[in-house]
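*Asks:* Here it is, the structure in full.
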Protein chains: 2
Amino acid sequence: MINSDIITDVVIGMSDGLTVPFALAAGLSGAVQSTGLIIIAGMAEIAAGSIAMGLGGYLAGRTELDHYQSELKREYYEVDNKRDIEIQETKEFFSNLGLSEETQQKAIEEVTKDKDRWVNLMMKYELGLEKPDPRRATKSAFNIGLSYVVGGLIPLSPYFFVKDGITGLKISAVITLICLFIFGYFKSKLTGVSPVGGAFRVMTIGAIAAGCAFAIAKLIQS
Amino acid sequence: MINSDIITDVVIGMSDGLTVPFALAAGLSGAVQSTGLIIIAGMAEIAAGSIAMGLGGYLAGRTELDHYQSELKREYYEVDNKRDIEIQETKEFFSNLGLSEETQQKAIEEVTKDKDRWVNLMMKYELGLEKPDPRRATKSAFNIGLSYVVGGLIPLSPYFFVKDGITGLKISAVITLICLFIFGYFKSKLTGVSPVGGAFRVMTIGAIAAGCAFAIAKLIQS
């Protein structure tokens with residue numbers, strides 16, 4: 001079984017990687033004759049998109065880690081210095097679970113005995129924060145960026161072999177829509193929604209994005 | 001106070017909207033002379049990116065909702081038909097909190113009395129699922145897409161007023177890097193990390209993406 005974090009990263013990167021360079025190339029196919037310019041723009045977009053998404057993912061991971069550490073520090077401080085307020089918050093947590101007054105008191109007595117465990121409870125259930133993996137940010141950046149590049153090269157590849165933009169677009173559309181369908185199928189299966197329905201939805205988004213890009217490029221050019 | 005969901009959407013959309021069209025336009029500035037083509041490609045990219053991100057956000061929201069509903073149905077089924085297993089899972093939850101055997105038993109007795117509350121506890125704390133807002137998916141799609149368009153028009157705007165790509169790039173770089181800095185500052189402030197450090201990081205990602213896109217476009221063209 002592949003790590004589910006990697007799958008999430010690949011899904012994030014490839015989803016946009018297949019769609020945006022495909023739509024951009026489609027848009028340019030309607031406005032320029034030569035495929036040379038489409039390739040230059042497409043490759044520039046893949047570079048821009050993969051770096052923005054990859055480093056963006058890295059930054060998000062780092063921020064999550066910083067946020068967790070600062071909240072953890074604050075919880076330890078509060079357990080030591082604002083004990084009454086923390087006990088009140090713990091009481092509310094148990095009360096919301098539906099425990100009786102008597103059981104709430106007993107539970108509080110027991111969880112507050114071990115400070116680490118208590119802080120952990122507050123972090124996880126009061127604040128809803130799970131401890132993030134410190135190495136995750138770097139790995140995530142790489143996985144998302146690489147998936148974007150792989151995804152982006154698929155719709156762009158036909159333009160390398162034909163001279164005319166519209167011919168390139170036709171081949172690119174067939175290949176990319178098939179890939180989006182397959183990709184959407186597996187993505188939906190992983191998230192537990194209907195695979196065929198999900199596959200159609202992912203494919204439709206790609207088609208709409210490409211159609212709009214084509215229309216806008218045509219409109220500006222004329 | 002503005003709704004935090006809206007802020008999250010604006011951050012997601014504008015973050016990529018400022019970066020990717022900026023980097024694409026920068027890349028093309030190194031490879032083509034006229035700004036007309038840069039504008040066509042940039043506008044096509046904004047259309048493609050905003051639709052891919054907006055509809056992608058919609059799909060993610062819908063998937064989250066479907067997933068929640070199907071898990072909720074399963075939990076109700078299990079509470080009715082696999083009661084022993086569910087009680088065992090609830091026991092583990094209380095045991096992990098650090099409660100004694102006696103208090104675990106009492107707590108289980110109390111929470112299993114009210115079926116809705118029990119299912120809610122399992123959804124929230126065993127599976128870590130919060131009930132999503134059903135209208136969120138549509139709103140989110142719109143907010144993310146619009147933020148991408150607004151963000152993307154900023155780096156592209158100079159190219160409308162100058163004839164030469166490199167001049168456009170110079171003005172675009174100054175405007176966009178300032179905007180990324182301001183944007184990064186407020187984004188960092190919201191997530192609780194150092195604002196100036198965060199602002200520099202966001203700006204650096206934009207600069208790296210633009211630099212790489214420029215280099216790749218130059219390389220292919222020559």
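In the structure tokens, each chain is lettered A, B, ... as it comes, each chain's residues begin at 1, and ligands are numbered from 1 in order of appearance.
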Name all residues at most 12 Å from Glu89 of chain B (count only C-alpha atoms; drop same-chain ones fewer than 2 positions away) and give them as a PDB file with N, CA and C atoms, in the first residue's frame.

*Replies:*
ATOM      1  N   GLU B  75     -21.911   4.856  10.275  1.00  0.00           N
ATOM      2  CA  GLU B  75     -21.836   4.893  11.739  1.00  0.00           C
ATOM      3  C   GLU B  75     -23.192   4.512  12.355  1.00  0.00           C
ATOM      4  N   GLU B  78     -23.681   0.854  12.030  1.00  0.00           N
ATOM      5  CA  GLU B  78     -22.833   0.088  12.938  1.00  0.00           C
ATOM      6  C   GLU B  78     -23.313   0.171  14.387  1.00  0.00           C
ATOM      7  N   VAL B  79     -23.792   1.350  14.793  1.00  0.00           N
ATOM      8  CA  VAL B  79     -24.309   1.525  16.145  1.00  0.00           C
ATOM      9  C   VAL B  79     -25.518   0.595  16.372  1.00  0.00           C
ATOM     10  N   LYS B  82     -23.667  -3.405  14.831  1.00  0.00           N
ATOM     11  CA  LYS B  82     -22.400  -3.916  15.352  1.00  0.00           C
ATOM     12  C   LYS B  82     -22.101  -3.212  16.660  1.00  0.00           C
ATOM     13  N   ARG B  83     -23.077  -3.233  17.519  1.00  0.00           N
ATOM     14  CA  ARG B  83     -23.019  -2.479  18.770  1.00  0.00           C
ATOM     15  C   ARG B  83     -21.779  -2.803  19.616  1.00  0.00           C
ATOM     16  N   ASP B  84     -21.431  -4.092  19.681  1.00  0.00           N
ATOM     17  CA  ASP B  84     -20.280  -4.487  20.506  1.00  0.00           C
ATOM     18  C   ASP B  84     -18.977  -3.868  20.007  1.00  0.00           C
ATOM     19  N   ILE B  85     -18.799  -3.901  18.685  1.00  0.00           N
ATOM     20  CA  ILE B  85     -17.576  -3.321  18.108  1.00  0.00           C
ATOM     21  C   ILE B  85     -17.530  -1.820  18.365  1.00  0.00           C
ATOM     22  N   GLU B  86     -18.675  -1.162  18.204  1.00  0.00           N
ATOM     23  CA  GLU B  86     -18.726   0.288  18.417  1.00  0.00           C
ATOM     24  C   GLU B  86     -18.435   0.639  19.878  1.00  0.00           C
ATOM     25  N   ILE B  87     -18.971  -0.173  20.777  1.00  0.00           N
ATOM     26  CA  ILE B  87     -18.699   0.067  22.207  1.00  0.00           C
ATOM     27  C   ILE B  87     -17.206  -0.108  22.485  1.00  0.00           C
ATOM     28  N   LYS B  91     -14.725   2.667  23.917  1.00  0.00           N
ATOM     29  CA  LYS B  91     -13.894   2.363  25.086  1.00  0.00           C
ATOM     30  C   LYS B  91     -12.433   2.751  24.813  1.00  0.00           C
ATOM     31  N   GLU B  92     -11.960   2.385  23.628  1.00  0.00           N
ATOM     32  CA  GLU B  92     -10.583   2.730  23.255  1.00  0.00           C
ATOM     33  C   GLU B  92     -10.365   4.246  23.261  1.00  0.00           C
ATOM     34  N   PHE B  93     -11.367   4.962  22.756  1.00  0.00           N
ATOM     35  CA  PHE B  93     -11.274   6.424  22.741  1.00  0.00           C
ATOM     36  C   PHE B  93     -11.091   6.965  24.158  1.00  0.00           C
ATOM     37  N   PHE B  94     -11.928   6.500  25.079  1.00  0.00           N
ATOM     38  CA  PHE B  94     -11.837   6.972  26.468  1.00  0.00           C
ATOM     39  C   PHE B  94     -10.554   6.485  27.137  1.00  0.00           C
ATOM     40  N   SER B  95     -10.136   5.273  26.788  1.00  0.00           N
ATOM     41  CA  SER B  95      -8.905   4.733  27.351  1.00  0.00           C
ATOM     42  C   SER B  95      -7.697   5.563  26.899  1.00  0.00           C
ATOM     43  N   ASN B  96      -7.694   5.972  25.618  1.00  0.00           N
ATOM     44  CA  ASN B  96      -6.605   6.813  25.097  1.00  0.00           C
ATOM     45  C   ASN B  96      -6.559   8.189  25.757  1.00  0.00           C
ATOM     46  N   GLN B 104     -14.173   4.715  32.362  1.00  0.00           N
ATOM     47  CA  GLN B 104     -14.478   4.323  30.976  1.00  0.00           C
ATOM     48  C   GLN B 104     -15.869   3.694  30.894  1.00  0.00           C
ATOM     49  N   ILE B 108     -19.057   5.228  28.946  1.00  0.00           N
ATOM     50  CA  ILE B 108     -19.695   4.486  27.854  1.00  0.00           C
ATOM     51  C   ILE B 108     -21.195   4.369  28.084  1.00  0.00           C
ATOM     52  N   THR B 112     -23.686   6.214  25.294  1.00  0.00           N
ATOM     53  CA  THR B 112     -24.435   5.328  24.398  1.00  0.00           C
ATOM     54  C   THR B 112     -25.947   5.434  24.598  1.00  0.00           C
ATOM     55  N   TRP B 118     -23.959   9.813  20.383  1.00  0.00           N
ATOM     56  CA  TRP B 118     -22.932   8.783  20.286  1.00  0.00           C
ATOM     57  C   TRP B 118     -22.322   8.768  18.870  1.00  0.00           C
ATOM     58  N   VAL B 119     -23.206   8.753  17.880  1.00  0.00           N
ATOM     59  CA  VAL B 119     -22.726   8.768  16.487  1.00  0.00           C
ATOM     60  C   VAL B 119     -21.892  10.024  16.245  1.00  0.00           C
ATOM     61  N   LEU B 121     -20.153  11.714  18.385  1.00  0.00           N
ATOM     62  CA  LEU B 121     -18.844  11.528  19.032  1.00  0.00           C
ATOM     63  C   LEU B 121     -17.922  10.694  18.153  1.00  0.00           C
ATOM     64  N   MET B 122     -18.456   9.604  17.601  1.00  0.00           N
ATOM     65  CA  MET B 122     -17.637   8.728  16.760  1.00  0.00           C
ATOM     66  C   MET B 122     -17.193   9.449  15.491  1.00  0.00           C
ATOM     67  N   MET B 123     -18.105  10.202  14.883  1.00  0.00           N
ATOM     68  CA  MET B 123     -17.775  10.933  13.660  1.00  0.00           C
ATOM     69  C   MET B 123     -16.656  11.937  13.919  1.00  0.00           C
ATOM     70  N   TYR B 125     -14.587  12.361  16.766  1.00  0.00           N
ATOM     71  CA  TYR B 125     -13.342  12.019  17.449  1.00  0.00           C
ATOM     72  C   TYR B 125     -12.711  10.712  16.992  1.00  0.00           C
ATOM     73  N   GLU B 126     -13.513   9.755  16.522  1.00  0.00           N
ATOM     74  CA  GLU B 126     -12.870   8.540  16.008  1.00  0.00           C
ATOM     75  C   GLU B 126     -12.416   8.779  14.569  1.00  0.00           C
ATOM     76  N   LEU B 127     -13.315   9.383  13.767  1.00  0.00           N
ATOM     77  CA  LEU B 127     -12.993   9.568  12.356  1.00  0.00           C
ATOM     78  C   LEU B 127     -12.437  10.956  12.047  1.00  0.00           C
TER      79      LEU B 127
END

*Asks:* Taking 3 positions as the minimum chain separation for residues in the same chain, which residues sit within 10 Å of Glu64 of chain A when counting only C-alpha atoms? Answer as a PyMOL selection string.

*Replies:* (chain A and resi 58-61+67-69+129-134+137) or (chain B and resi 191-193)

*Asks:* If we count only C-alpha atoms, what is near segment 211-216 of chain A at a cut-off of 10 Å, once residues fewer than 4 positions away on the same chain are taken out, given as a list in words?

*Replies:*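 Everything that qualifies: Val20, Phe22, Ala23, Leu24, Ala25, Ala26, Gly27, Leu28, Ser29, Gly30, Ala31, Ile205, Gly206, Ala207, Ile220 and Gln221 of chain A; Ile40, Ala41, Gly42, Met43, Ala44, Glu45, Ile46, Ala47, Ala48, Gly49 and Ile51 of chain B.
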
*Asks:* Output N, CA, C and O atoms for every residue in that selection, as a short mmCIF file (atom, residue, chain, number, x, y, z; two decimals), in the first residue's frame.

*Replies:*
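Heads up, here's the output in part_17.cif:
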data_model
loop_
_atom_site.label_atom_id
_atom_site.label_comp_id
_atom_site.auth_asym_id
_atom_site.auth_seq_id
_atom_site.Cartn_x
_atom_site.Cartn_y
_atom_site.Cartn_z
N VAL A 20 -4.55 22.78 -16.37
CA VAL A 20 -4.16 24.15 -16.73
C VAL A 20 -3.28 24.23 -17.99
O VAL A 20 -3.60 24.98 -18.91
N PHE A 22 -3.11 22.12 -20.34
CA PHE A 22 -4.00 21.68 -21.43
C PHE A 22 -4.86 22.85 -21.91
O PHE A 22 -4.95 23.14 -23.10
N ALA A 23 -5.48 23.55 -20.95
CA ALA A 23 -6.37 24.65 -21.31
C ALA A 23 -5.60 25.82 -21.91
O ALA A 23 -6.06 26.45 -22.87
N LEU A 24 -4.42 26.09 -21.38
CA LEU A 24 -3.60 27.19 -21.93
C LEU A 24 -3.20 26.88 -23.37
O LEU A 24 -3.35 27.73 -24.26
N ALA A 25 -2.72 25.67 -23.60
CA ALA A 25 -2.33 25.28 -24.97
C ALA A 25 -3.53 25.33 -25.90
O ALA A 25 -3.44 25.80 -27.04
N ALA A 26 -4.68 24.89 -25.41
CA ALA A 26 -5.91 24.94 -26.21
C ALA A 26 -6.24 26.38 -26.57
O ALA A 26 -6.56 26.70 -27.72
N GLY A 27 -6.14 27.27 -25.58
CA GLY A 27 -6.41 28.69 -25.82
C GLY A 27 -5.50 29.27 -26.88
O GLY A 27 -5.95 29.94 -27.81
N LEU A 28 -4.23 28.97 -26.78
CA LEU A 28 -3.27 29.52 -27.74
C LEU A 28 -3.44 28.91 -29.13
O LEU A 28 -3.17 29.57 -30.14
N SER A 29 -3.89 27.66 -29.20
CA SER A 29 -4.11 27.01 -30.50
C SER A 29 -5.10 27.79 -31.35
O SER A 29 -5.02 27.80 -32.57
N GLY A 30 -6.05 28.45 -30.69
CA GLY A 30 -7.04 29.23 -31.43
C GLY A 30 -6.51 30.58 -31.86
O GLY A 30 -7.10 31.24 -32.72
N ALA A 31 -5.38 31.02 -31.26
CA ALA A 31 -4.91 32.38 -31.51
C ALA A 31 -3.60 32.46 -32.30
O ALA A 31 -3.35 33.44 -32.98
N ILE A 205 -14.54 19.45 -16.00
CA ILE A 205 -13.82 20.66 -15.57
C ILE A 205 -12.70 20.99 -16.57
O ILE A 205 -12.55 22.14 -16.98
N GLY A 206 -11.94 19.98 -16.95
CA GLY A 206 -10.87 20.18 -17.93
C GLY A 206 -11.40 20.72 -19.25
O GLY A 206 -10.83 21.64 -19.84
N ALA A 207 -12.50 20.15 -19.71
CA ALA A 207 -13.09 20.57 -20.98
C ALA A 207 -13.60 22.02 -20.90
O ALA A 207 -13.40 22.82 -21.83
N ILE A 220 -9.74 38.04 -27.70
CA ILE A 220 -8.72 39.08 -27.57
C ILE A 220 -8.00 39.27 -28.91
O ILE A 220 -7.72 40.39 -29.32
N GLN A 221 -7.72 38.16 -29.58
CA GLN A 221 -6.96 38.22 -30.82
C GLN A 221 -7.71 38.97 -31.90
O GLN A 221 -7.12 39.69 -32.71
N ILE B 40 -2.60 37.61 -24.65
CA ILE B 40 -3.46 36.47 -25.02
C ILE B 40 -3.16 35.26 -24.14
O ILE B 40 -4.07 34.65 -23.56
N ALA B 41 -1.86 34.93 -24.02
CA ALA B 41 -1.49 33.77 -23.21
C ALA B 41 -1.86 33.98 -21.74
O ALA B 41 -2.38 33.08 -21.08
N GLY B 42 -1.61 35.19 -21.25
CA GLY B 42 -1.91 35.50 -19.85
C GLY B 42 -3.39 35.40 -19.55
O GLY B 42 -3.79 34.81 -18.54
N MET B 43 -4.22 35.95 -20.44
CA MET B 43 -5.67 35.90 -20.23
C MET B 43 -6.18 34.46 -20.33
O MET B 43 -7.06 34.04 -19.58
N ALA B 44 -5.61 33.70 -21.28
CA ALA B 44 -6.00 32.28 -21.41
C ALA B 44 -5.63 31.52 -20.13
O ALA B 44 -6.39 30.68 -19.65
N GLU B 45 -4.45 31.87 -19.58
CA GLU B 45 -4.02 31.20 -18.35
C GLU B 45 -4.94 31.57 -17.18
O GLU B 45 -5.30 30.70 -16.38
N ILE B 46 -5.32 32.84 -17.10
CA ILE B 46 -6.21 33.27 -16.00
C ILE B 46 -7.55 32.53 -16.10
O ILE B 46 -8.09 32.04 -15.10
N ALA B 47 -8.07 32.42 -17.34
CA ALA B 47 -9.33 31.69 -17.53
C ALA B 47 -9.16 30.23 -17.10
O ALA B 47 -9.95 29.69 -16.32
N ALA B 48 -8.09 29.60 -17.61
CA ALA B 48 -7.85 28.18 -17.31
C ALA B 48 -7.63 27.96 -15.81
O ALA B 48 -8.25 27.08 -15.21
N GLY B 49 -6.76 28.78 -15.23
CA GLY B 49 -6.42 28.60 -13.82
C GLY B 49 -7.59 28.85 -12.89
O GLY B 49 -7.80 28.11 -11.93
N ILE B 51 -10.81 28.66 -13.54
CA ILE B 51 -11.83 27.61 -13.67
C ILE B 51 -11.34 26.31 -13.03
O ILE B 51 -12.07 25.66 -12.28
#

*Asks:* Using Å and a single decimal, report how far atom CA of Ala173 of chain A sits from atom CA of Ile38 of chain B.

*Replies:*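 Between atom CA of Ile38 of chain B and atom CA of Ala173 of chain A the gap works out to 23.0 Å.
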
*Asks:* List the neighbours of Lys106 of chain B out to 9 Å using only C-alpha atoms; skip same-chain residues closer than 5 positions along the sequence, and give me the result as a PyMOL selection string.

*Replies:* (chain A and resi 99+103) or (chain B and resi 101+111)

*Asks:* Those same residues, written as a PDB file, in the first residue's frame with N, CA and C atoms?

*Replies:*
ATOM      1  N   LEU A  99     -21.477  13.330  29.094  1.00  0.00           N
ATOM      2  CA  LEU A  99     -21.216  12.686  30.388  1.00  0.00           C
ATOM      3  C   LEU A  99     -21.954  13.418  31.512  1.00  0.00           C
ATOM      4  N   THR A 103     -19.420  11.908  36.373  1.00  0.00           N
ATOM      5  CA  THR A 103     -18.391  11.303  35.529  1.00  0.00           C
ATOM      6  C   THR A 103     -17.431  12.357  34.987  1.00  0.00           C
TER       7      THR A 103
ATOM      8  N   GLU B 101     -10.391   2.350  34.088  1.00  0.00           N
ATOM      9  CA  GLU B 101     -11.335   1.320  33.663  1.00  0.00           C
ATOM     10  C   GLU B 101     -12.764   1.641  34.140  1.00  0.00           C
ATOM     11  N   VAL B 111     -22.723   7.890  27.304  1.00  0.00           N
ATOM     12  CA  VAL B 111     -22.769   8.402  25.913  1.00  0.00           C
ATOM     13  C   VAL B 111     -23.600   7.506  24.992  1.00  0.00           C
TER      14      VAL B 111
END

*Asks:* Between atom CA of Ser100 of chain A and atom CA of Ala107 of chain B, what is the distance, to one decimal in Å?

*Replies:*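 Going from atom CA of Ser100 of chain A over to atom CA of Ala107 of chain B, I get 8.2 Å.
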
*Asks:* Give me the residues within 9 Å of Val149 of chain B as an MDAnalysis selection string, counting only C-alpha atoms and dropping any in the same chain fewer than 3 places off.

*Replies:* chainID B and resid 13:14 17:18 46:47 49:50 144:146 152:154

*Asks:* Might you pull out every residue within 9 Å of Cys179 of chain B, with only C-alpha atoms counted and same-chain residues fewer than 3 positions away left off, and present them as a PyMOL selection string?

*Replies:* chain B and resi 18+154+174-176+182-184+203

*Asks:* Under the rule that only C-alpha atoms are counted, which of A:Thr8, A:Ser70, A:Thr35, A:Asn81 is the nearest residue to chain B?

*Replies:*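 Of A:Thr8, A:Ser70, A:Thr35, A:Asn81, the one nearest chain B, counting only C-alpha atoms, is A:Ser70.
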
*Asks:* Quick one: of B:Leu156, B:Leu97, B:Ile7, B:Thr90, who's nearest to chain A, counting only C-alpha atoms?

*Replies:*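 Comparing B:Leu156, B:Leu97, B:Ile7, B:Thr90 against chain A, the winner is B:Leu97.
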